[in-house]
$ cat coords.pdb   # PDB, C-alpha atoms
ATOM      1  CA  MET A   1      72.083 -93.173 -82.346
ATOM      2  CA  THR A   2      73.961 -94.145 -79.198
ATOM      3  CA  LEU A   3      75.761 -91.171 -77.663
ATOM      4  CA  ARG A   4      79.142 -92.189 -76.248
ATOM      5  CA  ALA A   5      81.142 -89.468 -74.532
ATOM      6  CA  LEU A   6      84.555 -89.268 -72.938
ATOM      7  CA  VAL A   7      84.684 -86.599 -70.237
ATOM      8  CA  THR A   8      88.182 -85.525 -69.212
ATOM      9  CA  GLY A   9      88.478 -83.932 -65.803
ATOM     10  CA  ALA A  10      85.557 -86.101 -64.722
ATOM     11  CA  ASN A  11      86.651 -85.970 -61.091
ATOM     12  CA  GLY A  12      86.580 -82.167 -60.994
ATOM     13  CA  PHE A  13      83.755 -79.978 -59.762
ATOM     14  CA  VAL A  14      82.061 -79.426 -63.128
ATOM     15  CA  GLY A  15      83.177 -82.793 -64.487
ATOM     16  CA  LYS A  16      81.242 -84.687 -61.823
ATOM     17  CA  VAL A  17      78.099 -82.638 -62.425
ATOM     18  CA  LEU A  18      78.392 -83.058 -66.190
ATOM     19  CA  CYS A  19      78.896 -86.834 -65.982
ATOM     20  CA  ASN A  20      75.873 -87.250 -63.722
ATOM     21  CA  TYR A  21      73.782 -85.057 -66.020
ATOM     22  CA  LEU A  22      74.801 -86.962 -69.150
ATOM     23  CA  ASP A  23      74.104 -90.263 -67.386
ATOM     24  CA  ALA A  24      70.595 -89.036 -66.586
ATOM     25  CA  GLN A  25      70.071 -88.010 -70.218
ATOM     26  CA  GLY A  26      70.907 -91.505 -71.463
ATOM     27  CA  TRP A  27      74.491 -91.020 -72.641
ATOM     28  CA  THR A  28      77.137 -93.711 -72.215
ATOM     29  CA  VAL A  29      79.818 -91.843 -70.299
ATOM     30  CA  PHE A  30      83.499 -92.670 -69.928
ATOM     31  CA  ARG A  31      85.232 -90.801 -67.143
ATOM     32  CA  GLY A  32      88.811 -89.682 -67.658
ATOM     33  CA  ILE A  33      90.317 -88.550 -64.373
ATOM     34  CA  GLY A  34      93.587 -86.992 -63.353
ATOM     35  CA  LEU A  35      93.631 -87.879 -59.653
ATOM     36  CA  GLY A  36      92.563 -90.796 -57.495
ATOM     37  CA  PRO A  37      92.407 -94.553 -58.060
ATOM     38  CA  THR A  38      91.426 -96.141 -61.337
ATOM     39  CA  GLU A  39      88.140 -98.038 -61.204
ATOM     40  CA  ALA A  40      88.017-100.758 -63.847
ATOM     41  CA  GLY A  41      85.366-100.265 -66.498
ATOM     42  CA  GLU A  42      84.292 -96.869 -65.236
ATOM     43  CA  ARG A  43      87.229 -94.507 -64.926
ATOM     44  CA  TYR A  44      90.634 -94.091 -66.498
ATOM     45  CA  LEU A  45      93.522 -92.425 -64.722
ATOM     46  CA  CYS A  46      95.244 -90.119 -67.207
ATOM     47  CA  ASP A  47      97.968 -87.500 -66.956
ATOM     48  CA  LEU A  48      97.550 -85.202 -69.953
ATOM     49  CA  ARG A  49     101.276 -84.523 -69.875
ATOM     50  CA  GLU A  50     101.944 -88.145 -70.900
ATOM     51  CA  THR A  51     101.177 -89.052 -74.512
ATOM     52  CA  ASP A  52     101.020 -92.805 -73.846
ATOM     53  CA  GLN A  53      98.396 -92.245 -71.132
ATOM     54  CA  VAL A  54      96.305 -90.032 -73.412
ATOM     55  CA  GLU A  55      96.382 -92.656 -76.157
ATOM     56  CA  GLY A  56      95.599 -95.394 -73.633
ATOM     57  CA  MET A  57      92.556 -93.478 -72.383
ATOM     58  CA  LEU A  58      91.160 -93.216 -75.921
ATOM     59  CA  ARG A  59      91.724 -96.924 -76.583
ATOM     60  CA  TRP A  60      89.967 -97.714 -73.293
ATOM     61  CA  ALA A  61      86.953 -95.539 -74.154
ATOM     62  CA  GLY A  62      86.526 -97.151 -77.570
ATOM     63  CA  ASP A  63      84.217 -95.766 -80.236
ATOM     64  CA  LEU A  64      83.174 -92.230 -79.265
ATOM     65  CA  THR A  65      80.682 -89.729 -80.597
ATOM     66  CA  HIS A  66      81.823 -86.879 -78.336
ATOM     67  CA  VAL A  67      84.702 -85.753 -76.142
ATOM     68  CA  PHE A  68      84.055 -83.132 -73.444
ATOM     69  CA  HIS A  69      87.496 -81.776 -72.565
ATOM     70  CA  LEU A  70      87.280 -80.228 -69.106
ATOM     71  CA  ALA A  71      90.585 -81.387 -67.597
ATOM     72  CA  ALA A  72      92.697 -78.353 -66.719
ATOM     73  CA  ILE A  73      94.496 -76.350 -64.100
ATOM     74  CA  THR A  74      91.570 -74.048 -63.289
ATOM     75  CA  PHE A  75      92.557 -72.079 -60.160
ATOM     76  CA  VAL A  76      93.996 -68.735 -61.283
ATOM     77  CA  PRO A  77      96.508 -68.371 -58.382
ATOM     78  CA  GLN A  78      97.821 -71.880 -59.124
ATOM     79  CA  GLY A  79      98.516 -70.811 -62.681
ATOM     80  CA  GLU A  80     100.332 -67.721 -61.438
ATOM     81  CA  GLU A  81     102.454 -69.786 -59.039
ATOM     82  CA  ASN A  82     103.255 -72.491 -61.586
ATOM     83  CA  PRO A  83     102.756 -71.192 -65.125
ATOM     84  CA  LEU A  84     104.734 -74.079 -66.612
ATOM     85  CA  GLU A  85     102.260 -76.590 -65.184
ATOM     86  CA  ALA A  86      99.339 -74.557 -66.529
ATOM     87  CA  MET A  87     100.862 -74.548 -70.016
ATOM     88  CA  GLU A  88     101.726 -78.242 -69.878
ATOM     89  CA  VAL A  89      98.226 -79.314 -68.844
ATOM     90  CA  ASN A  90      95.933 -76.702 -70.380
ATOM     91  CA  LEU A  91      97.688 -76.082 -73.693
ATOM     92  CA  LEU A  92      99.934 -79.044 -74.472
ATOM     93  CA  GLY A  93      97.511 -81.500 -72.871
ATOM     94  CA  THR A  94      94.841 -80.289 -75.293
ATOM     95  CA  VAL A  95      97.248 -80.567 -78.229
ATOM     96  CA  ARG A  96      98.147 -84.142 -77.205
ATOM     97  CA  LEU A  97      94.514 -85.138 -76.782
ATOM     98  CA  LEU A  98      93.487 -83.747 -80.168
ATOM     99  CA  GLY A  99      96.505 -85.356 -81.822
ATOM    100  CA  ALA A 100      95.555 -88.747 -80.403
ATOM    101  CA  LEU A 101      91.866 -88.278 -81.198
ATOM    102  CA  ARG A 102      92.365 -87.614 -84.918
ATOM    103  CA  PRO A 103      93.422 -91.178 -85.834
ATOM    104  CA  HIS A 104      91.324 -92.825 -83.109
ATOM    105  CA  ALA A 105      87.914 -91.177 -83.565
ATOM    106  CA  PRO A 106      88.190 -88.540 -86.315
ATOM    107  CA  LYS A 107      84.407 -88.047 -86.527
ATOM    108  CA  ALA A 108      83.880 -87.501 -82.799
ATOM    109  CA  ARG A 109      82.773 -83.995 -81.820
ATOM    110  CA  PHE A 110      85.342 -82.355 -79.528
ATOM    111  CA  LEU A 111      83.953 -79.894 -76.962
ATOM    112  CA  PHE A 112      86.791 -77.736 -75.688
ATOM    113  CA  VAL A 113      85.975 -75.960 -72.431
ATOM    114  CA  SER A 114      87.856 -72.683 -72.565
ATOM    115  CA  THR A 115      87.094 -69.725 -70.272
ATOM    116  CA  ALA A 116      85.803 -66.175 -70.406
ATOM    117  CA  GLY A 117      89.205 -65.240 -68.990
ATOM    118  CA  VAL A 118      90.558 -65.382 -72.545
ATOM    119  CA  TYR A 119      88.891 -62.010 -73.227
ATOM    120  CA  GLY A 120      90.809 -60.124 -70.538
ATOM    121  CA  SER A 121      89.692 -56.571 -69.824
ATOM    122  CA  PRO A 122      86.526 -56.026 -71.872
ATOM    123  CA  ARG A 123      86.616 -53.542 -74.721
ATOM    124  CA  TRP A 124      82.829 -53.689 -74.747
ATOM    125  CA  THR A 125      80.066 -55.320 -72.755
ATOM    126  CA  PRO A 126      78.267 -57.548 -72.906
ATOM    127  CA  ILE A 127      81.173 -59.556 -74.281
ATOM    128  CA  THR A 128      80.377 -61.395 -77.506
ATOM    129  CA  GLU A 129      82.360 -64.219 -79.085
ATOM    130  CA  ASP A 130      83.971 -61.870 -81.624
ATOM    131  CA  HIS A 131      85.645 -59.930 -78.816
ATOM    132  CA  PRO A 132      89.454 -60.063 -79.198
ATOM    133  CA  LEU A 133      91.254 -62.570 -76.982
ATOM    134  CA  ASN A 134      93.497 -60.667 -74.581
ATOM    135  CA  PRO A 135      94.314 -62.932 -71.599
ATOM    136  CA  GLU A 136      95.948 -61.234 -68.638
ATOM    137  CA  GLU A 137      97.257 -64.062 -66.417
ATOM    138  CA  PRO A 138      98.879 -67.486 -67.026
ATOM    139  CA  TYR A 139      95.721 -69.599 -66.671
ATOM    140  CA  ALA A 140      93.883 -67.478 -69.227
ATOM    141  CA  VAL A 141      96.951 -67.362 -71.488
ATOM    142  CA  SER A 142      97.105 -71.172 -71.540
ATOM    143  CA  LYS A 143      93.392 -71.430 -72.305
ATOM    144  CA  ALA A 144      93.515 -68.761 -75.012
ATOM    145  CA  ALA A 145      96.392 -70.558 -76.730
ATOM    146  CA  ALA A 146      94.465 -73.848 -76.640
ATOM    147  CA  ASP A 147      91.327 -72.036 -77.846
ATOM    148  CA  HIS A 148      93.258 -70.648 -80.815
ATOM    149  CA  TYR A 149      94.718 -74.082 -81.561
ATOM    150  CA  CYS A 150      91.257 -75.649 -81.574
ATOM    151  CA  ALA A 151      90.037 -72.979 -84.008
ATOM    152  CA  TYR A 152      93.054 -73.577 -86.240
ATOM    153  CA  LEU A 153      92.631 -77.357 -86.245
ATOM    154  CA  ALA A 154      88.917 -77.149 -87.045
ATOM    155  CA  LYS A 155      89.637 -74.903 -90.018
ATOM    156  CA  ALA A 156      92.759 -76.697 -91.255
ATOM    157  CA  THR A 157      91.618 -80.301 -90.890
ATOM    158  CA  GLY A 158      87.835 -80.194 -90.702
ATOM    159  CA  MET A 159      87.776 -81.761 -87.241
ATOM    160  CA  ASP A 160      84.424 -81.294 -85.517
ATOM    161  CA  ILE A 161      85.402 -78.925 -82.708
ATOM    162  CA  VAL A 162      83.188 -76.622 -80.648
ATOM    163  CA  ARG A 163      84.722 -74.160 -78.197
ATOM    164  CA  LEU A 164      82.868 -73.216 -75.017
ATOM    165  CA  ARG A 165      83.784 -70.116 -73.025
ATOM    166  CA  PRO A 166      82.081 -70.324 -69.643
ATOM    167  CA  PHE A 167      81.995 -67.271 -67.413
ATOM    168  CA  ASN A 168      82.108 -67.676 -63.615
ATOM    169  CA  HIS A 169      79.967 -70.536 -62.354
ATOM    170  CA  SER A 170      79.453 -72.216 -59.022
ATOM    171  CA  GLY A 171      77.397 -74.738 -57.095
ATOM    172  CA  THR A 172      77.615 -77.236 -54.266
ATOM    173  CA  GLY A 173      80.813 -79.244 -54.527
ATOM    174  CA  GLN A 174      82.988 -76.372 -55.723
ATOM    175  CA  SER A 175      86.132 -75.791 -53.664
ATOM    176  CA  ASP A 176      85.997 -72.953 -51.162
ATOM    177  CA  GLN A 177      89.134 -71.619 -52.846
ATOM    178  CA  PHE A 178      86.610 -69.904 -55.120
ATOM    179  CA  VAL A 179      84.787 -66.789 -54.046
ATOM    180  CA  LEU A 180      81.125 -67.808 -53.658
ATOM    181  CA  PRO A 181      81.753 -71.059 -51.724
ATOM    182  CA  SER A 182      84.313 -69.204 -49.604
ATOM    183  CA  LEU A 183      81.775 -66.573 -48.577
ATOM    184  CA  ALA A 184      79.055 -69.170 -47.913
ATOM    185  CA  ARG A 185      81.424 -71.295 -45.805
ATOM    186  CA  GLN A 186      82.500 -68.307 -43.722
ATOM    187  CA  ILE A 187      78.899 -67.315 -43.022
ATOM    188  CA  ALA A 188      77.951 -70.878 -42.067
ATOM    189  CA  ALA A 189      80.898 -70.973 -39.667
ATOM    190  CA  ILE A 190      79.795 -67.673 -38.097
ATOM    191  CA  GLU A 191      76.218 -68.929 -37.712
ATOM    192  CA  ALA A 192      77.506 -72.101 -36.045
ATOM    193  CA  GLY A 193      79.564 -70.069 -33.567
ATOM    194  CA  LYS A 194      82.833 -71.422 -34.979
ATOM    195  CA  ALA A 195      84.148 -68.083 -36.226
ATOM    196  CA  GLU A 196      83.972 -64.407 -35.353
ATOM    197  CA  PRO A 197      81.214 -62.442 -37.164
ATOM    198  CA  ARG A 198      83.613 -61.043 -39.741
ATOM    199  CA  LEU A 199      83.904 -62.022 -43.405
ATOM    200  CA  MET A 200      87.297 -61.858 -45.087
ATOM    201  CA  VAL A 201      86.922 -60.795 -48.725
ATOM    202  CA  GLY A 202      88.907 -59.582 -51.718
ATOM    203  CA  ASN A 203      88.035 -56.711 -54.039
ATOM    204  CA  LEU A 204      84.458 -55.679 -53.225
ATOM    205  CA  GLU A 205      83.999 -53.871 -56.531
ATOM    206  CA  SER A 206      85.065 -56.790 -58.702
ATOM    207  CA  ALA A 207      81.947 -57.775 -60.689
ATOM    208  CA  ARG A 208      81.394 -61.072 -62.459
ATOM    209  CA  ASP A 209      78.775 -62.859 -64.534
ATOM    210  CA  PHE A 210      77.842 -65.803 -62.280
ATOM    211  CA  SER A 211      75.953 -68.907 -63.447
ATOM    212  CA  HIS A 212      74.715 -72.030 -61.690
ATOM    213  CA  VAL A 213      76.726 -75.125 -62.624
ATOM    214  CA  ASP A 214      73.507 -76.958 -63.566
ATOM    215  CA  ASP A 215      72.829 -74.323 -66.224
ATOM    216  CA  VAL A 216      76.397 -74.658 -67.466
ATOM    217  CA  VAL A 217      76.386 -78.439 -67.962
ATOM    218  CA  ARG A 218      73.030 -78.220 -69.714
ATOM    219  CA  ALA A 219      74.621 -75.690 -72.088
ATOM    220  CA  TYR A 220      77.501 -78.081 -72.718
ATOM    221  CA  GLU A 221      75.146 -80.881 -73.729
ATOM    222  CA  LEU A 222      73.092 -78.632 -75.992
ATOM    223  CA  ALA A 223      76.247 -77.318 -77.647
ATOM    224  CA  ALA A 224      77.333 -80.913 -78.192
ATOM    225  CA  LEU A 225      74.029 -81.760 -79.862
ATOM    226  CA  ARG A 226      73.066 -78.533 -81.630
ATOM    227  CA  GLY A 227      76.101 -76.259 -81.771
ATOM    228  CA  ASN A 228      77.797 -75.471 -85.074
ATOM    229  CA  SER A 229      81.162 -77.048 -85.760
ATOM    230  CA  GLY A 230      84.064 -74.601 -85.605
ATOM    231  CA  GLU A 231      82.177 -72.067 -83.494
ATOM    232  CA  ALA A 232      82.883 -70.603 -80.057
ATOM    233  CA  TYR A 233      80.047 -70.060 -77.578
ATOM    234  CA  ASN A 234      79.849 -68.005 -74.418
ATOM    235  CA  VAL A 235      78.128 -69.723 -71.495
ATOM    236  CA  CYS A 236      76.908 -67.049 -69.101
ATOM    237  CA  SER A 237      73.906 -65.494 -67.392
ATOM    238  CA  GLY A 238      74.077 -62.126 -69.145
ATOM    239  CA  ARG A 239      74.181 -60.234 -65.822
ATOM    240  CA  SER A 240      77.008 -59.216 -63.514
ATOM    241  CA  TYR A 241      77.135 -58.864 -59.747
ATOM    242  CA  SER A 242      79.888 -57.256 -57.711
ATOM    243  CA  ILE A 243      81.147 -58.969 -54.602
ATOM    244  CA  ARG A 244      79.424 -56.163 -52.699
ATOM    245  CA  ASP A 245      76.136 -57.157 -54.380
ATOM    246  CA  VAL A 246      76.742 -60.809 -53.497
ATOM    247  CA  LEU A 247      77.378 -59.907 -49.857
ATOM    248  CA  GLU A 248      74.092 -57.996 -49.680
ATOM    249  CA  ILE A 249      72.218 -61.065 -50.924
ATOM    250  CA  LEU A 250      74.066 -63.342 -48.521
ATOM    251  CA  GLN A 251      73.356 -60.999 -45.594
ATOM    252  CA  SER A 252      69.650 -61.204 -46.417
ATOM    253  CA  LEU A 253      69.896 -65.011 -46.302
ATOM    254  CA  ALA A 254      72.106 -65.248 -43.219
ATOM    255  CA  LYS A 255      70.809 -65.925 -39.713
ATOM    256  CA  ILE A 256      73.284 -63.499 -38.157
ATOM    257  CA  ARG A 257      74.805 -60.116 -38.916
ATOM    258  CA  PHE A 258      78.442 -59.952 -39.913
ATOM    259  CA  ALA A 259      81.121 -57.368 -40.643
ATOM    260  CA  VAL A 260      83.201 -57.332 -43.820
ATOM    261  CA  GLU A 261      86.971 -56.949 -43.912
ATOM    262  CA  VAL A 262      89.104 -56.744 -47.053
ATOM    263  CA  ASP A 263      92.006 -59.200 -46.924
ATOM    264  CA  ALA A 264      94.937 -57.965 -49.011
ATOM    265  CA  ALA A 265      95.969 -61.567 -49.680
ATOM    266  CA  ARG A 266      92.658 -62.119 -51.513
ATOM    267  CA  VAL A 267      93.089 -59.121 -53.823
ATOM    268  CA  ARG A 268      94.648 -60.057 -57.160
ATOM    269  CA  ASN A 269      97.444 -57.952 -58.620
ATOM    270  CA  VAL A 270      95.692 -58.132 -61.994
ATOM    271  CA  ASP A 271      91.915 -58.080 -61.720
ATOM    272  CA  VAL A 272      89.371 -57.170 -64.381
ATOM    273  CA  ARG A 273      86.812 -54.781 -62.850
ATOM    274  CA  ASN A 274      83.585 -55.860 -64.522
ATOM    275  CA  ILE A 275      82.701 -58.782 -66.789
ATOM    276  CA  ILE A 276      79.320 -59.374 -68.425
ATOM    277  CA  GLY A 277      78.815 -61.907 -71.177
ATOM    278  CA  SER A 278      76.303 -62.350 -73.963
ATOM    279  CA  HIS A 279      74.767 -65.788 -74.490
ATOM    280  CA  GLU A 280      72.770 -64.583 -77.499
ATOM    281  CA  LYS A 281      74.716 -66.780 -79.940
ATOM    282  CA  LEU A 282      74.402 -69.924 -77.815
ATOM    283  CA  SER A 283      70.700 -69.277 -77.300
ATOM    284  CA  ALA A 284      70.121 -68.711 -81.006
ATOM    285  CA  HIS A 285      71.917 -71.909 -82.042
ATOM    286  CA  THR A 286      70.753 -74.271 -79.265
ATOM    287  CA  ASP A 287      67.688 -72.693 -77.569
ATOM    288  CA  TRP A 288      69.590 -72.677 -74.263
ATOM    289  CA  ARG A 289      68.574 -70.164 -71.595
ATOM    290  CA  PRO A 290      69.798 -69.845 -68.002
ATOM    291  CA  GLN A 291      67.217 -71.086 -65.511
ATOM    292  CA  TYR A 292      68.676 -70.355 -62.072
ATOM    293  CA  SER A 293      69.067 -66.968 -60.376
ATOM    294  CA  ILE A 294      72.062 -65.914 -58.335
ATOM    295  CA  GLU A 295      69.780 -65.798 -55.283
ATOM    296  CA  TYR A 296      68.964 -69.487 -55.788
ATOM    297  CA  LEU A 297      72.659 -70.286 -56.236
ATOM    298  CA  LEU A 298      73.718 -68.451 -53.076
ATOM    299  CA  ARG A 299      70.893 -69.980 -51.015
ATOM    300  CA  GLN A 300      71.943 -73.445 -52.171
ATOM    301  CA  LEU A 301      75.600 -72.805 -51.343
ATOM    302  CA  LEU A 302      74.731 -71.489 -47.892
ATOM    303  CA  GLU A 303      72.503 -74.478 -47.112
ATOM    304  CA  HIS A 304      75.265 -76.816 -48.274
ATOM    305  CA  TRP A 305      77.834 -75.329 -45.917
ATOM    306  CA  ARG A 306      75.365 -75.209 -43.054
ATOM    307  CA  THR A 307      74.917 -78.966 -43.265
ATOM    308  CA  ARG A 308      78.613 -79.812 -43.480
ATOM    309  CA  ALA A 309      79.841 -81.836 -40.534
ATOM    310  CA  VAL A 310      83.089 -79.843 -40.430
ATOM    311  CA  ILE A 311      83.073 -76.185 -41.421
TER
END

$ encode --input "coords.pdb" --output "structure tokens"
Amino acid sequence: MTLRALVTGANGFVGKVLCNYLDAQGWTVFRGIGLGPTEAGERYLCDLRETDQVEGMLRWAGDLTHVFHLAAITFVPQGEENPLEAMEVNLLGTVRLLGALRPHAPKARFLFVSTAGVYGSPRWTPITEDHPLNPEEPYAVSKAAADHYCAYLAKATGMDIVRLRPFNHSGTGQSDQFVLPSLARQIAAIEAGKAEPRLMVGNLESARDFSHVDDVVRAYELAALRGNSGEAYNVCSGRSYSIRDVLEILQSLAKIRFAVEVDAARVRNVDVRNIIGSHEKLSAHTDWRPQYSIEYLLRQLLEHWRTRAVI
């Protein structure tokens, strides 16, 4: 069987990694992108807010076995600043894509990439997939609504839909708007003598379940091949680290000592204290296990920023 996948958000951080991984595994991959020039035969420029563009992308991709839907507004502060855009892209864009997919490729498996943010403040940890959805900011609200819609459509129509709820993940290529690349970039700048030996950080006690992006895209493929239709799966490491913990690891890897200063602008008004996920269900259904430690992830990020021409 030839595996033919459309990846939306293919020009994003995770989208690029996923496309390269699927290519290496022998998939035929069609890249749907939201920014940048269209490259004939390889990429399709698509604004999920425009129905005609969504339908055109599906016609361009042709016969599909899978759709990995990653395209979204993913930066939490962006969602807070422009909640309408987050709803238009993350919720209504998903509704448009599913609506166009039903007549075009009704048997294609649809992988919806949600987020662990849909759970909000945990009622228990580790968080399992039966935890109530209680999103606490616009990005998570938009994803939770789309998550619910996917569950409804799978049940009501029999569409083959699998929902993925990744917890925090990072790797080289992620924007330094996000916490781990931001810390690694700052340290590399200090080591290079381009900044004072002081790290600007947000809430030191905020703890998250961090995964390496390579583990995450491998989970996406396994869910596509082995996951059960209609199910939701957490993608996580099963451990949490506070920003204070992360800084201790980074200090052990750094070539220079640095001070830490809390920047009020980096502290969110609404911030869940501690998040730990359970990947027991994903592991049971697909045999997936995380392979990379947070130490490996942080070392890789630091080396990446050290070798950047401009820091």

$ closest_residue --input "coords.pdb" --among "A:Leu297, A:Ala265, A:Val235, A:Ala207" --to "Leu250 (chain A)" --atoms "all atoms listed in the file"
A:Leu297

$ resolve_selection --input "coords.pdb" --expression "the PyMOL selection byres ((chain A and resi 70-77) around 8)" --output "mmCIF file with C-alpha atoms, in the coordinates of the input"
data_model
loop_
_atom_site.group_PDB
_atom_site.id
_atom_site.type_symbol
_atom_site.label_atom_id
_atom_site.label_comp_id
_atom_site.auth_asym_id
_atom_site.auth_seq_id
_atom_site.Cartn_x
_atom_site.Cartn_y
_atom_site.Cartn_z
ATOM 1 C CA VAL A 7 84.684 -86.599 -70.237
ATOM 2 C CA THR A 8 88.182 -85.525 -69.212
ATOM 3 C CA GLY A 9 88.478 -83.932 -65.803
ATOM 4 C CA ALA A 10 85.557 -86.101 -64.722
ATOM 5 C CA GLY A 12 86.580 -82.167 -60.994
ATOM 6 C CA VAL A 14 82.061 -79.426 -63.128
ATOM 7 C CA GLY A 15 83.177 -82.793 -64.487
ATOM 8 C CA ILE A 33 90.317 -88.550 -64.373
ATOM 9 C CA GLY A 34 93.587 -86.992 -63.353
ATOM 10 C CA PHE A 68 84.055 -83.132 -73.444
ATOM 11 C CA HIS A 69 87.496 -81.776 -72.565
ATOM 12 C CA GLN A 78 97.821 -71.880 -59.124
ATOM 13 C CA GLY A 79 98.516 -70.811 -62.681
ATOM 14 C CA GLU A 80 100.332 -67.721 -61.438
ATOM 15 C CA GLU A 81 102.454 -69.786 -59.039
ATOM 16 C CA GLU A 85 102.260 -76.590 -65.184
ATOM 17 C CA ALA A 86 99.339 -74.557 -66.529
ATOM 18 C CA VAL A 89 98.226 -79.314 -68.844
ATOM 19 C CA ASN A 90 95.933 -76.702 -70.380
ATOM 20 C CA PHE A 112 86.791 -77.736 -75.688
ATOM 21 C CA VAL A 113 85.975 -75.960 -72.431
ATOM 22 C CA GLU A 137 97.257 -64.062 -66.417
ATOM 23 C CA PRO A 138 98.879 -67.486 -67.026
ATOM 24 C CA TYR A 139 95.721 -69.599 -66.671
#

$ resolve_selection --input "coords.pdb" --expression "the PyMOL selection byres ((chain A and resi 166) around 9)" --output "number ranges by chain"
A: 113-117, 164-165, 167-169, 211, 216, 233-236

$ write_last_selection --input "coords.pdb" --atoms "C-alpha atoms" --output "tab-separated table (two decimals), in the coordinates of the input"
chain	number	residue	atom	x	y	z
A	113	VAL	CA	85.98	-75.96	-72.43
A	114	SER	CA	87.86	-72.68	-72.56
A	115	THR	CA	87.09	-69.72	-70.27
A	116	ALA	CA	85.80	-66.18	-70.41
A	117	GLY	CA	89.20	-65.24	-68.99
A	164	LEU	CA	82.87	-73.22	-75.02
A	165	ARG	CA	83.78	-70.12	-73.03
A	167	PHE	CA	82.00	-67.27	-67.41
A	168	ASN	CA	82.11	-67.68	-63.62
A	169	HIS	CA	79.97	-70.54	-62.35
A	211	SER	CA	75.95	-68.91	-63.45
A	216	VAL	CA	76.40	-74.66	-67.47
A	233	TYR	CA	80.05	-70.06	-77.58
A	234	ASN	CA	79.85	-68.00	-74.42
A	235	VAL	CA	78.13	-69.72	-71.50
A	236	CYS	CA	76.91	-67.05	-69.10

$ atom_distance --input "coords.pdb" --atom1 "CA of Met87 (chain A)" --atom2 "CA of Ala144 (chain A)"
10.6 Å

$ residues_around --input "coords.pdb" --residues "Ser206 (chain A)" --least-positions-apart "6" --cutoff "7 Å" --atoms "all atoms listed in the file" --output "PyMOL selection string"
chain A and resi 242-243+273-274

$ closest_residue --input "coords.pdb" --among "A:Tyr296, A:Tyr152, A:Phe13, A:Phe30" --to "Gly173 (chain A)" --atoms "all atoms listed in the file"
A:Phe13

$ resolve_selection --input "coords.pdb" --expression "the PyMOL selection byres ((chain A and resi 294) around 12)" --output "number ranges by chain"
A: 168-171, 180, 208-213, 215, 236-242, 245-250, 290-293, 295-301

$ write_last_selection --input "coords.pdb" --atoms "C-alpha atoms" --output "PDB file, keeping the file's coordinate frame"
ATOM      1  CA  ASN A 168      82.108 -67.676 -63.615  1.00  0.00           C
ATOM      2  CA  HIS A 169      79.967 -70.536 -62.354  1.00  0.00           C
ATOM      3  CA  SER A 170      79.453 -72.216 -59.022  1.00  0.00           C
ATOM      4  CA  GLY A 171      77.397 -74.738 -57.095  1.00  0.00           C
ATOM      5  CA  LEU A 180      81.125 -67.808 -53.658  1.00  0.00           C
ATOM      6  CA  ARG A 208      81.394 -61.072 -62.459  1.00  0.00           C
ATOM      7  CA  ASP A 209      78.775 -62.859 -64.534  1.00  0.00           C
ATOM      8  CA  PHE A 210      77.842 -65.803 -62.280  1.00  0.00           C
ATOM      9  CA  SER A 211      75.953 -68.907 -63.447  1.00  0.00           C
ATOM     10  CA  HIS A 212      74.715 -72.030 -61.690  1.00  0.00           C
ATOM     11  CA  VAL A 213      76.726 -75.125 -62.624  1.00  0.00           C
ATOM     12  CA  ASP A 215      72.829 -74.323 -66.224  1.00  0.00           C
ATOM     13  CA  CYS A 236      76.908 -67.049 -69.101  1.00  0.00           C
ATOM     14  CA  SER A 237      73.906 -65.494 -67.392  1.00  0.00           C
ATOM     15  CA  GLY A 238      74.077 -62.126 -69.145  1.00  0.00           C
ATOM     16  CA  ARG A 239      74.181 -60.234 -65.822  1.00  0.00           C
ATOM     17  CA  SER A 240      77.008 -59.216 -63.514  1.00  0.00           C
ATOM     18  CA  TYR A 241      77.135 -58.864 -59.747  1.00  0.00           C
ATOM     19  CA  SER A 242      79.888 -57.256 -57.711  1.00  0.00           C
ATOM     20  CA  ASP A 245      76.136 -57.157 -54.380  1.00  0.00           C
ATOM     21  CA  VAL A 246      76.742 -60.809 -53.497  1.00  0.00           C
ATOM     22  CA  LEU A 247      77.378 -59.907 -49.857  1.00  0.00           C
ATOM     23  CA  GLU A 248      74.092 -57.996 -49.680  1.00  0.00           C
ATOM     24  CA  ILE A 249      72.218 -61.065 -50.924  1.00  0.00           C
ATOM     25  CA  LEU A 250      74.066 -63.342 -48.521  1.00  0.00           C
ATOM     26  CA  PRO A 290      69.798 -69.845 -68.002  1.00  0.00           C
ATOM     27  CA  GLN A 291      67.217 -71.086 -65.511  1.00  0.00           C
ATOM     28  CA  TYR A 292      68.676 -70.355 -62.072  1.00  0.00           C
ATOM     29  CA  SER A 293      69.067 -66.968 -60.376  1.00  0.00           C
ATOM     30  CA  GLU A 295      69.780 -65.798 -55.283  1.00  0.00           C
ATOM     31  CA  TYR A 296      68.964 -69.487 -55.788  1.00  0.00           C
ATOM     32  CA  LEU A 297      72.659 -70.286 -56.236  1.00  0.00           C
ATOM     33  CA  LEU A 298      73.718 -68.451 -53.076  1.00  0.00           C
ATOM     34  CA  ARG A 299      70.893 -69.980 -51.015  1.00  0.00           C
ATOM     35  CA  GLN A 300      71.943 -73.445 -52.171  1.00  0.00           C
ATOM     36  CA  LEU A 301      75.600 -72.805 -51.343  1.00  0.00           C
TER      37      LEU A 301
END

$ closest_residue --input "coords.pdb" --among "A:Glu231, A:Glu50, A:Asp63, A:Glu55" --to "Arg4 (chain A)" --atoms "all atoms listed in the file"
A:Asp63

$ residues_around --input "coords.pdb" --residues "region 182-186 of chain A" --least-positions-apart "3" --cutoff "8 Å" --atoms "all atoms listed in the file" --output "JSON, numbers by chain"
{"A": [175, 176, 177, 178, 179, 189, 190, 195, 199, 201, 250, 298, 301, 302, 305, 306, 311]}

$ axis_aligned_box --input "coords.pdb" --around "region 73-85 of chain A" --padding-each-side "4 Å" --output "lines of an AutoDock Vina configuration file"
center_x = 98.2
center_y = -72.2
center_z = -62.5
size_x = 21.2
size_y = 16.9
size_z = 16.2
